[in-house]
$ cat entry31.cif   # mmCIF, C-alpha atoms
data_coords
loop_
_atom_site.label_atom_id
_atom_site.label_comp_id
_atom_site.auth_asym_id
_atom_site.auth_seq_id
_atom_site.Cartn_x
_atom_site.Cartn_y
_atom_site.Cartn_z
CA MET A 1132 174.99 69.44 -11.66
CA ILE A 1133 176.21 66.30 -9.96
CA SER A 1134 173.80 63.64 -8.71
CA CYS A 1135 172.66 63.28 -5.14
CA ASN A 1136 174.66 60.06 -4.78
CA ALA A 1137 177.82 61.71 -6.05
CA PHE A 1138 177.21 64.70 -3.77
CA ARG A 1139 176.78 62.57 -0.66
CA ALA A 1140 179.80 60.42 -1.61
CA ASN A 1141 182.11 63.45 -1.98
CA LEU A 1142 180.71 65.46 0.89
CA ARG A 1143 183.22 66.14 3.71
CA PRO A 1144 183.04 68.61 6.62
CA GLY A 1145 184.46 71.95 5.44
CA SER A 1146 184.18 71.08 1.72
CA SER A 1147 183.97 74.10 -0.59
CA GLU A 1148 184.03 72.58 -4.07
CA PRO A 1149 181.82 74.55 -6.46
CA GLU A 1150 179.99 71.41 -7.67
CA LEU A 1151 179.01 70.46 -4.16
CA LEU A 1152 177.82 73.98 -3.24
CA GLU A 1153 175.84 74.30 -6.45
CA HIS A 1154 174.07 71.01 -5.67
CA LEU A 1155 173.28 72.25 -2.18
CA ARG A 1156 171.50 75.33 -3.51
CA HIS A 1157 169.15 73.27 -5.58
CA CYS A 1158 168.52 70.13 -3.49
CA ASP A 1159 166.76 70.55 -0.16
CA ALA A 1160 167.12 66.88 0.76
CA CYS A 1161 170.91 67.03 0.34
CA LEU A 1162 170.99 70.33 2.23
CA ASP A 1163 169.45 68.59 5.25
CA HIS A 1164 171.98 65.82 4.92
CA ALA A 1165 174.90 68.27 4.55
CA VAL A 1166 173.79 70.33 7.63
CA GLY A 1167 173.80 67.08 9.60
CA VAL A 1168 177.42 66.50 8.51
CA ASP A 1169 178.56 70.12 8.99
CA PRO A 1170 176.16 72.94 10.06
CA ASP A 1171 178.33 75.48 8.21
CA PHE A 1172 176.97 74.10 4.93
CA LEU A 1173 173.74 75.99 5.64
CA PHE A 1174 175.61 79.31 5.27
CA ARG A 1175 177.80 78.14 2.45
CA SER A 1176 174.64 77.26 0.52
CA ILE A 1177 173.48 80.90 0.67
CA GLY A 1178 176.56 82.73 -0.57
CA GLY A 1179 178.16 82.51 -3.91
CA GLU A 1180 179.87 84.79 -6.32
CA GLU A 1181 177.21 84.37 -8.93
CA LEU A 1182 174.28 85.23 -6.55
CA VAL A 1183 172.92 88.81 -6.87
CA PRO A 1184 170.01 90.02 -4.67
CA PRO A 1185 166.95 91.44 -6.45
CA GLY A 1186 167.44 95.11 -7.34
CA GLY A 1187 171.19 94.81 -7.13
CA VAL A 1188 173.79 94.78 -4.35
CA GLU A 1189 173.57 98.54 -3.66
CA ALA A 1190 169.80 98.46 -3.17
CA PHE A 1191 170.20 95.45 -0.86
CA THR A 1192 172.87 97.25 1.18
CA HIS A 1193 170.74 100.38 1.38
CA ASP A 1194 167.77 98.36 2.68
CA VAL A 1195 169.94 96.68 5.28
CA MET A 1196 171.32 100.01 6.55
CA GLN A 1197 167.82 101.51 6.64
CA GLN A 1198 166.59 98.61 8.74
CA LEU A 1199 169.56 99.09 11.06
CA HIS A 1200 168.67 102.78 11.58
CA VAL A 1201 165.02 101.93 12.26
CA ARG A 1202 165.95 99.25 14.81
CA THR A 1203 168.42 101.62 16.53
CA THR A 1204 165.82 104.39 16.79
CA GLU A 1205 163.21 101.97 18.13
CA SER A 1206 165.56 100.68 20.78
CA ARG A 1207 166.36 104.27 21.91
CA LEU A 1208 162.70 105.19 22.19
CA ALA A 1209 161.94 102.01 24.06
CA HIS A 1210 164.37 103.13 26.83
CA ARG A 1211 162.58 106.49 27.31
CA VAL A 1212 158.95 105.42 27.23
CA LEU A 1213 158.12 103.36 30.29
CA SER A 1214 155.64 100.59 29.93
CA TRP A 1215 152.48 100.49 32.07
CA PRO A 1216 153.72 97.88 34.50
CA ARG A 1217 156.87 99.91 35.11
CA ARG A 1218 154.87 103.09 35.66
CA LEU A 1219 152.69 101.31 38.16
CA ALA A 1220 155.72 99.95 39.94
CA VAL A 1221 157.28 103.44 40.22
CA ALA A 1222 153.97 104.97 41.44
CA ALA A 1223 153.51 102.22 43.99
CA THR A 1224 157.07 102.69 45.30
CA ILE A 1225 156.61 106.47 45.68
CA ALA A 1226 153.22 106.04 47.32
CA ALA A 1227 154.57 103.45 49.73
CA GLY A 1228 157.50 105.74 50.59
CA ILE A 1229 155.25 108.74 51.30
CA THR A 1230 152.86 106.62 53.35
CA GLY A 1231 155.69 105.17 55.39
CA ALA A 1232 157.23 108.57 56.06
CA ALA A 1233 153.85 110.00 57.09
CA VAL A 1234 153.17 107.12 59.45
CA VAL A 1235 156.61 107.46 61.07
CA TRP A 1236 156.20 111.22 61.43
CA GLN A 1237 152.78 110.88 63.07
CA HIS A 1238 154.08 108.19 65.36
CA GLU A 1239 156.86 110.50 66.53
CA GLN A 1240 154.40 113.34 67.08
CA HIS A 1241 152.23 111.08 69.15
CA THR A 1242 155.23 109.93 71.16
CA PHE A 1243 156.26 113.53 71.97
CA GLU A 1244 152.72 114.48 72.96
CA SER A 1245 152.34 111.52 75.24
CA LEU A 1246 155.55 112.31 77.14
CA PRO A 1247 154.86 113.79 80.56
CA PRO A 1248 155.86 117.44 80.88
CA ILE A 1249 159.25 117.98 82.51
CA ALA A 1250 157.83 120.54 84.91
CA ALA A 1251 155.41 117.96 86.25
CA ALA A 1252 158.26 115.54 86.92
CA THR A 1253 160.30 118.12 88.81
CA PRO A 1254 157.86 120.47 90.51
CA LYS A 1255 159.28 123.68 91.84
CA PRO A 1256 157.63 125.92 94.39
CA VAL A 1257 156.31 129.04 92.67
CA SER A 1258 156.79 132.23 94.56
CA HIS A 1259 154.31 135.03 94.07
CA MET A 1260 157.22 137.42 94.02
CA ALA A 1261 158.98 135.58 91.21
CA ALA A 1262 158.84 137.45 87.93
CA ALA A 1263 156.60 135.67 85.48
CA ALA A 1264 157.47 135.48 81.82
CA PRO A 1265 155.09 137.91 80.13
CA LEU A 1266 152.60 136.11 77.91
CA THR A 1267 150.76 139.15 76.63
CA THR A 1268 151.46 142.81 76.02
CA LYS A 1269 149.24 145.73 76.87
CA PRO A 1270 149.13 149.23 75.44
CA VAL A 1271 151.04 151.67 77.64
CA VAL A 1272 148.27 154.26 77.56
CA GLU A 1273 145.03 152.56 78.51
CA THR A 1274 142.90 155.68 78.79
CA TYR A 1275 143.39 159.41 78.29
CA ASP A 1276 140.90 161.98 79.38
CA SER A 1277 140.76 164.03 76.17
CA LYS A 1278 138.89 162.66 73.18
CA ASN A 1279 140.65 164.91 70.67
CA ALA A 1280 144.13 163.69 71.52
CA THR A 1281 146.32 161.65 69.23
CA ILE A 1282 148.39 158.97 70.94
CA VAL A 1283 151.43 157.61 69.14
CA GLU A 1284 153.35 154.65 70.55
CA VAL A 1285 156.86 154.67 69.08
CA PRO A 1286 157.90 151.08 68.29
CA SER A 1287 160.93 149.85 70.16
CA GLU A 1288 163.34 147.10 69.08
CA GLY A 1289 163.34 145.00 72.26
CA SER A 1290 160.55 144.27 74.70
CA ASN A 1291 162.58 145.79 77.56
CA ASP A 1292 163.85 148.81 75.67
CA VAL A 1293 162.80 152.31 76.60
CA LYS A 1294 159.23 152.84 75.45
CA VAL A 1295 158.26 156.23 74.05
CA VAL A 1296 154.62 157.30 73.81
CA MET A 1297 153.63 160.74 72.57
CA ILE A 1298 150.31 162.42 73.30
CA PHE A 1299 149.35 165.31 71.03
CA ASP A 1300 146.45 167.25 72.45
CA ASP A 1301 145.55 170.77 71.38
CA GLN A 1302 143.87 171.32 74.74
CA LEU A 1303 147.23 171.12 76.53
CA PRO A 1304 148.81 174.45 77.49
CA ALA A 1305 151.57 175.65 75.22
CA ASP A 1306 153.97 176.27 78.13
CA LEU A 1307 153.99 172.74 79.50
CA MET B 1496 145.47 96.19 33.55
CA LYS B 1497 142.31 97.11 35.48
CA THR B 1498 143.60 95.33 38.57
CA ARG B 1499 146.82 97.32 38.42
CA MET B 1500 144.91 100.57 38.10
CA TYR B 1501 142.73 99.67 41.09
CA MET B 1502 145.84 98.89 43.12
CA ALA B 1503 147.45 102.22 42.18
CA THR B 1504 144.27 104.12 43.14
CA LEU B 1505 144.13 102.28 46.46
CA LEU B 1506 147.74 103.22 47.22
CA ILE B 1507 147.09 106.88 46.45
CA LEU B 1508 144.04 106.85 48.73
CA LEU B 1509 146.13 105.28 51.48
CA CYS B 1510 148.64 108.11 51.10
CA GLY B 1511 145.89 110.68 51.49
CA ALA B 1512 144.56 108.94 54.55
CA ALA B 1513 148.01 108.92 56.11
CA PHE B 1514 148.27 112.71 55.72
CA GLY B 1515 144.79 113.40 56.99
CA ASN B 1516 144.03 114.17 60.59
CA PRO B 1517 144.11 111.08 62.70
CA PRO B 1518 140.77 110.36 64.26
CA VAL B 1519 139.57 110.83 67.75
CA GLU B 1520 142.85 110.69 69.68
CA LYS B 1521 144.04 113.98 68.16
CA GLU B 1522 140.94 115.90 69.12
CA LYS B 1523 141.69 117.95 72.20
CA SER B 1524 138.93 117.97 74.73
CA LEU B 1525 137.93 120.97 76.80
CA SER B 1526 138.28 120.94 80.55
CA VAL B 1527 136.35 122.95 83.12
CA ARG B 1528 137.83 124.43 86.28
CA THR B 1529 136.51 126.74 88.96
CA PHE B 1530 138.80 129.37 90.50
CA GLN B 1531 137.76 131.03 93.71
CA PHE B 1532 139.54 134.22 94.71
CA LYS B 1533 140.61 135.22 98.17
CA TYR B 1534 142.22 138.61 97.62
CA LYS B 1535 141.11 139.87 94.21
CA ASP B 1536 137.82 140.35 92.38
CA ALA B 1537 136.70 137.66 89.96
CA GLU B 1538 135.73 140.39 87.52
CA LYS B 1539 139.28 141.70 87.37
CA ALA B 1540 140.60 138.17 87.10
CA ALA B 1541 138.42 137.65 84.04
CA ALA B 1542 140.07 140.60 82.34
CA ILE B 1543 143.49 139.20 83.22
CA ILE B 1544 142.94 135.78 81.65
CA LYS B 1545 140.99 136.92 78.60
CA PRO B 1546 144.10 137.23 76.39
CA LEU B 1547 145.24 133.75 77.46
CA MET B 1548 142.07 131.95 76.42
CA SER B 1549 141.64 130.07 73.15
CA ALA B 1550 138.84 130.69 70.69
CA GLU B 1551 136.99 127.66 72.06
CA GLY B 1552 137.41 128.75 75.68
CA SER B 1553 134.73 130.43 77.77
CA MET B 1554 134.20 131.64 81.31
CA SER B 1555 131.40 132.58 83.62
CA MET B 1556 131.48 134.56 86.83
CA GLN B 1557 129.89 133.55 90.09
CA GLY B 1558 129.60 136.86 91.89
CA ALA B 1559 128.23 135.49 95.15
CA SER B 1560 131.22 133.25 95.75
CA ASN B 1561 133.74 135.54 93.96
CA ALA B 1562 134.62 132.66 91.65
CA LEU B 1563 135.30 132.17 87.97
CA VAL B 1564 134.36 129.02 86.02
CA VAL B 1565 136.76 128.61 83.10
CA THR B 1566 136.37 126.17 80.20
CA ASP B 1567 139.33 125.72 77.88
CA HIS B 1568 141.88 123.27 76.53
CA ALA B 1569 144.17 121.65 79.09
CA GLU B 1570 147.29 123.42 77.85
CA ASN B 1571 145.59 126.84 78.08
CA MET B 1572 144.17 125.93 81.46
CA LYS B 1573 147.69 125.46 82.79
CA GLN B 1574 148.71 129.00 81.80
CA ILE B 1575 145.44 130.40 83.09
CA ALA B 1576 145.85 128.66 86.44
CA ASN B 1577 149.42 129.98 86.79
CA ALA B 1578 148.35 133.53 85.94
CA LEU B 1579 145.43 133.42 88.38
CA ALA B 1580 147.59 131.95 91.14
CA GLN B 1581 149.96 134.89 90.83
CA PHE B 1582 147.11 137.35 90.47
CA ASP B 1583 145.20 136.25 93.55
CA SER B 1584 147.82 137.18 96.06
CA ALA B 1585 147.85 139.66 98.90
CA ALA B 1586 148.48 143.21 97.72
CA GLN B 1587 152.07 143.47 96.54
CA THR B 1588 154.35 146.45 97.01
CA PHE B 1589 155.61 148.42 94.03
CA ARG B 1590 157.78 151.48 93.52
CA LEU B 1591 157.06 154.14 90.96
CA SER B 1592 159.74 156.63 90.01
CA VAL B 1593 158.78 159.70 88.01
CA ARG B 1594 161.01 162.24 86.31
CA LEU B 1595 159.64 165.30 84.56
CA VAL B 1596 161.66 166.71 81.67
CA ALA B 1597 161.00 169.74 79.51
CA ALA B 1598 162.20 168.88 76.02
CA GLY B 1599 162.68 171.62 73.42
CA ARG B 1600 163.63 171.93 69.80
CA GLY B 1601 166.21 174.69 70.11
CA GLU B 1602 169.76 175.00 68.91
CA PRO B 1603 171.44 171.62 68.71
CA GLY B 1604 174.52 170.88 70.78
CA ALA B 1605 173.11 171.88 74.16
CA ARG B 1606 174.56 170.03 77.13
CA VAL B 1607 172.50 167.05 78.33
CA PRO B 1608 172.25 166.79 82.14
CA ASP B 1609 173.94 163.66 83.46
CA ASP B 1610 170.77 162.24 84.99
CA LEU B 1611 168.95 162.47 81.65
CA LYS B 1612 171.58 160.79 79.51
CA ASP B 1613 169.70 157.48 79.68
CA VAL B 1614 166.66 158.92 77.91
CA ALA B 1615 168.28 161.64 75.78
CA PRO B 1616 168.96 159.36 72.76
CA ASN B 1617 165.28 158.36 72.63
CA LEU B 1618 164.18 161.98 72.80
CA ALA B 1619 166.75 162.99 70.20
CA MET B 1620 165.05 160.61 67.78
CA LEU B 1621 161.98 162.84 68.10
CA ARG B 1622 164.21 165.83 67.14
CA PHE B 1623 164.37 167.25 70.66
CA THR B 1624 167.70 168.95 71.32
CA THR B 1625 167.41 170.66 74.70
CA PHE B 1626 166.48 168.97 77.96
CA GLU B 1627 165.63 170.53 81.30
CA LYS B 1628 164.85 168.46 84.33
CA LEU B 1629 161.69 169.70 86.06
CA GLY B 1630 161.70 167.33 89.00
CA GLU B 1631 162.07 163.79 90.23
CA ALA B 1632 160.22 161.78 92.87
CA GLU B 1633 159.59 158.21 93.88
CA PHE B 1634 156.63 156.53 95.56
CA GLU B 1635 156.35 153.13 97.16
CA GLY B 1636 152.98 151.56 97.83
CA LYS B 1637 150.78 148.52 97.53
CA GLU B 1638 148.22 147.60 94.91
CA GLY B 1639 145.18 149.81 95.44
CA ASP B 1640 147.11 152.53 97.26
CA ALA B 1641 146.82 156.17 96.26
CA GLY B 1642 150.06 158.00 95.61
CA MET B 1643 151.11 161.59 95.29
CA LEU B 1644 154.41 163.01 94.13
CA GLU B 1645 155.31 166.66 94.51
CA MET B 1646 158.23 168.37 92.80
CA GLN B 1647 159.92 171.55 93.93
CA THR B 1648 159.26 173.12 90.56
CA GLY B 1649 155.51 173.11 91.24
CA TYR B 1650 154.63 169.99 89.29
CA ARG B 1651 152.60 167.29 90.97
CA ALA B 1652 151.44 163.78 90.09
CA ASP B 1653 148.49 161.98 91.69
CA PHE B 1654 147.67 158.35 90.90
CA HIS B 1655 146.41 155.00 92.17
CA PHE B 1656 148.29 151.74 91.98
CA GLY B 1657 146.00 149.29 90.20
CA GLU B 1658 146.28 145.51 89.91
CA TYR B 1659 149.42 143.69 88.94
CA ASP B 1660 148.85 141.66 85.75
CA PRO B 1661 151.08 138.57 85.73
CA SER B 1662 150.27 137.72 82.12
CA SER B 1663 151.92 140.93 80.92
CA ASP B 1664 154.13 141.47 84.01
CA SER B 1665 152.71 144.97 84.30
CA ILE B 1666 151.17 147.18 86.94
CA LYS B 1667 148.32 149.52 86.22
CA VAL B 1668 148.78 153.13 87.27
CA SER B 1669 145.25 154.47 87.31
CA ASP B 1670 144.14 158.08 87.04
CA LEU B 1671 147.62 159.52 86.77
CA ARG B 1672 146.94 163.24 86.92
CA VAL B 1673 149.83 165.59 86.23
CA SER B 1674 149.18 169.14 87.40
CA ARG B 1675 151.12 172.28 88.12
CA LEU B 1676 150.89 175.02 90.70
CA THR B 1677 150.30 178.33 88.99
CA GLY B 1678 149.55 181.87 89.97
CA ALA B 1679 151.64 184.53 91.58
CA GLN B 1680 151.53 182.78 94.91
CA ARG B 1681 151.67 179.33 93.35
CA ASP B 1682 148.44 178.47 95.03
CA GLN B 1683 146.34 177.42 92.05
CA LEU B 1684 146.59 173.82 90.90
CA THR B 1685 146.15 173.51 87.12
CA SER B 1686 145.56 170.05 85.71
CA LEU B 1687 147.66 169.30 82.66
CA LEU B 1688 146.67 165.75 81.74
CA LYS B 1689 145.02 162.67 83.13
CA THR B 1690 145.66 159.15 81.95
CA THR B 1691 145.82 155.49 82.98
CA LEU B 1692 148.99 153.58 82.18
CA ASN B 1693 150.06 149.93 82.02
CA LEU B 1694 153.71 149.84 83.05
CA LYS B 1695 155.75 146.74 82.44
CA LEU B 1696 157.93 146.19 85.47
CA GLY B 1697 161.47 147.47 84.99
CA GLN B 1698 160.78 149.13 81.66
CA THR B 1699 161.39 152.84 81.29
CA VAL B 1700 158.42 154.58 79.69
CA ILE B 1701 158.67 158.10 78.33
CA LEU B 1702 155.24 159.68 78.07
CA GLY B 1703 155.48 162.86 76.03
CA ALA B 1704 152.77 165.49 75.95
CA ALA B 1705 152.59 168.37 73.48
CA LYS B 1706 149.94 170.46 71.76
CA ALA B 1707 150.99 169.26 68.31
CA PRO B 1708 153.73 167.19 66.67
CA GLN B 1709 155.54 170.34 65.55
CA SER B 1710 155.42 171.99 69.02
CA GLN B 1711 158.71 173.45 70.12
CA ARG B 1712 158.28 172.29 73.70
CA SER B 1713 157.00 169.05 75.20
CA LEU B 1714 156.59 167.75 78.69
CA MET B 1715 158.23 164.36 79.06
CA ILE B 1716 157.12 162.15 81.93
CA VAL B 1717 159.70 159.41 82.46
CA VAL B 1718 158.21 156.63 84.59
CA VAL B 1719 159.54 153.29 85.78
CA ALA B 1720 157.62 150.79 87.93
CA ARG B 1721 159.52 148.22 89.95
CA ARG B 1722 158.80 145.76 92.72
#
$ encode --input "entry31.cif" --output "structure tokens"
Amino acid sequence: MISCNAFRANLRPGSSEPELLEHLRHCDACLDHAVGVDPDFLFRSIGGEELVPPGGVEAFTHDVMQQLHVRTTESRLAHRVLSWPRRLAVAATIAAGITGAAVVWQHEQHTFESLPPIAAATPKPVSHMAAAAPLTTKPVVETYDSKNATIVEVPSEGSNDVKVVMIFDDQLPADL
Amino acid sequence: MKTRMYMATLLILLCGAAFGNPPVEKEKSLSVRTFQFKYKDAEKAAAIIKPLMSAEGSMSMQGASNALVVTDHAENMKQIANALAQFDSAAQTFRLSVRLVAAGRGEPGARVPDDLKDVAPNLAMLRFTTFEKLGEAEFEGKEGDAGMLEMQTGYRADFHFGEYDPSSDSIKVSDLRVSRLTGAQRDQLTSLLKTTLNLKLGQTVILGAAKAPQSQRSLMIVVVARR
């Protein structure tokens, strides 16, 4: 191996002489000096045809690929599982949205209720003879004088359709 | 972390409060109003407005002054006041038209008289196939008037016009008694049925009477009340 003085004298940016690289691998002081001249020397100091990782190249490659798979899987899972701050942010957004919608809805309800009725603004004279819109319905047959009778009110489709009510009473004469 | 959880809980509580009933301004107060009647009885007026009242509403009668004290929500009070204003009017005039039809379950295909074609489809639904008109009459009178309709076939109808009910737009026909002259000289009046009806104005009502559902003959009383 060449001396430190010889190394520093022959060192040039981009040098790849085997003697220089071999010195770099063994001398940390010259490595610092070489990185100051050319940062690429840091990487050149690592590689070399004669360097073999422990356990062999195949074992090293296998470990690297395994690490890659683990990192890939971790990154996928990290996208699906939300962190606590993100969950809180989503919950707060939803809650704020619901609250806002409810407040707007109630405000509109209140506005409609507080409007004066149209009829009050434009009063019309009500005639006693005018037909009123029916609000309730009454049974057609209010009373019937026989207690044993059966009264059947046939349902009709419309409120103004013909109404049919049948009274079955065994006290009625047969020749009605 | 605790602070964030407290904030989330507070937001959820705020949401709940927003959906809850707003406080006092939403509560509807009851109002009290006294109605005094000029033409009609307060007792009958009470029956008229009963279906219009809310569960919280109440009323009390003041017989001496023929008045009704009503307590209810403002929106119900408006309907009640309208109904009572129409109810407490001078006796109104109504017309009652009555047709008597003998309906039978004979051979199908019998000719339907022209003046019964309006009710024949309804009677056909009850499996009646033959129709014979027994008489027709019309009476005009005021609320409270007694009426009597006589048919040439010996049938007769006696009744009273009751009160007009504006809430159901109906007139009560009280004590409607349908009878028939019998005997060789047709001098005996036999009562067939007696009933009280609520007739919605303008609606045709067919009141059928028979001994049993499977009877071969029924008496159909077709009534319409109009103003």
$ residues_around --input "entry31.cif" --residues "segment 1139-1142 of chain A" --least-positions-apart "2" --cutoff "12 Å" --atoms "all atoms listed in the file" --output "MDAnalysis selection string"
chainID A and resid 1133:1137 1144:1152 1154:1155 1158 1160:1169 1172
$ interface_residues --input "entry31.cif" --of "chain B" --to "chain A" --cutoff "7 Å" --atoms "only C-alpha atoms" --output "PyMOL selection string"
chain B and resi 1503+1506-1507+1510+1513-1514+1546+1581+1661-1664+1687+1689-1694+1698-1708+1713-1714
$ residues_around --input "entry31.cif" --residues "Glu1633 of chain B" --least-positions-apart "4" --cutoff "12 Å" --atoms "all atoms listed in the file" --output "VMD selection string"
chain B and resid 1589 to 1595 1642 to 1646 1651 to 1653 1717 to 1721
$ closest_residue --input "entry31.cif" --among "B:Val1607, B:Leu1579, B:Ala1537, B:Val1564" --to "Tyr1659 of chain B" --atoms "all atoms listed in the file"
B:Leu1579
$ residues_around --input "entry31.cif" --residues "Leu1525 of chain B" --least-positions-apart "2" --cutoff "12 Å" --atoms "only C-alpha atoms" --output "NGL selection string"
:B and (1522-1523 or 1527-1528 or 1548-1553 or 1565-1572)
$ atom_distance --input "entry31.cif" --atom1 "atom CA of Leu1671 of chain B" --atom2 "atom CA of Leu1688 of chain B"
8.1 Å
$ atom_distance --input "entry31.cif" --atom1 "atom CA of Ala1580 of chain B" --atom2 "atom CA of Gly1558 of chain B"
18.7 Å
$ closest_residue --input "entry31.cif" --among "B:Leu1618, B:Leu1629, B:Glu1658, B:Met1554" --to "Asp1536 of chain B" --atoms "all atoms listed in the file"
B:Glu1658
$ resolve_selection --input "entry31.cif" --expression "the PyMOL selection byres ((chain B and resi 1604) around 12)" --output "list of chain:residue names"
B:Arg1600, B:Gly1601, B:Glu1602, B:Pro1603, B:Ala1605, B:Arg1606, B:Val1607, B:Ala1619, B:Phe1623, B:Thr1624, B:Thr1625, B:Phe1626
$ atom_distance --input "entry31.cif" --atom1 "atom CA of Arg1672 of chain B" --atom2 "atom CA of Thr1685 of chain B"
10.3 Å
$ residues_around --input "entry31.cif" --residues "Glu1627 of chain B" --least-positions-apart "3" --cutoff "9 Å" --atoms "all atoms listed in the file" --output "compact mmCIF listing (two decimals) with C-alpha atoms, in the coordinates of the input"
# COMPACT_ATOMS: atom_id res chain seq x y z
CA LEU B 1595 159.64 165.30 84.56
CA VAL B 1596 161.66 166.71 81.67
CA ALA B 1597 161.00 169.74 79.51
CA ALA B 1598 162.20 168.88 76.02
CA GLY B 1599 162.68 171.62 73.42
CA VAL B 1607 172.50 167.05 78.33
CA PRO B 1608 172.25 166.79 82.14
CA LEU B 1611 168.95 162.47 81.65
$ residues_around --input "entry31.cif" --residues "Met1556 of chain B" --least-positions-apart "3" --cutoff "10 Å" --atoms "all atoms listed in the file" --output "PyMOL selection string"
chain B and resi 1529-1531+1537-1538+1540-1541+1559-1565
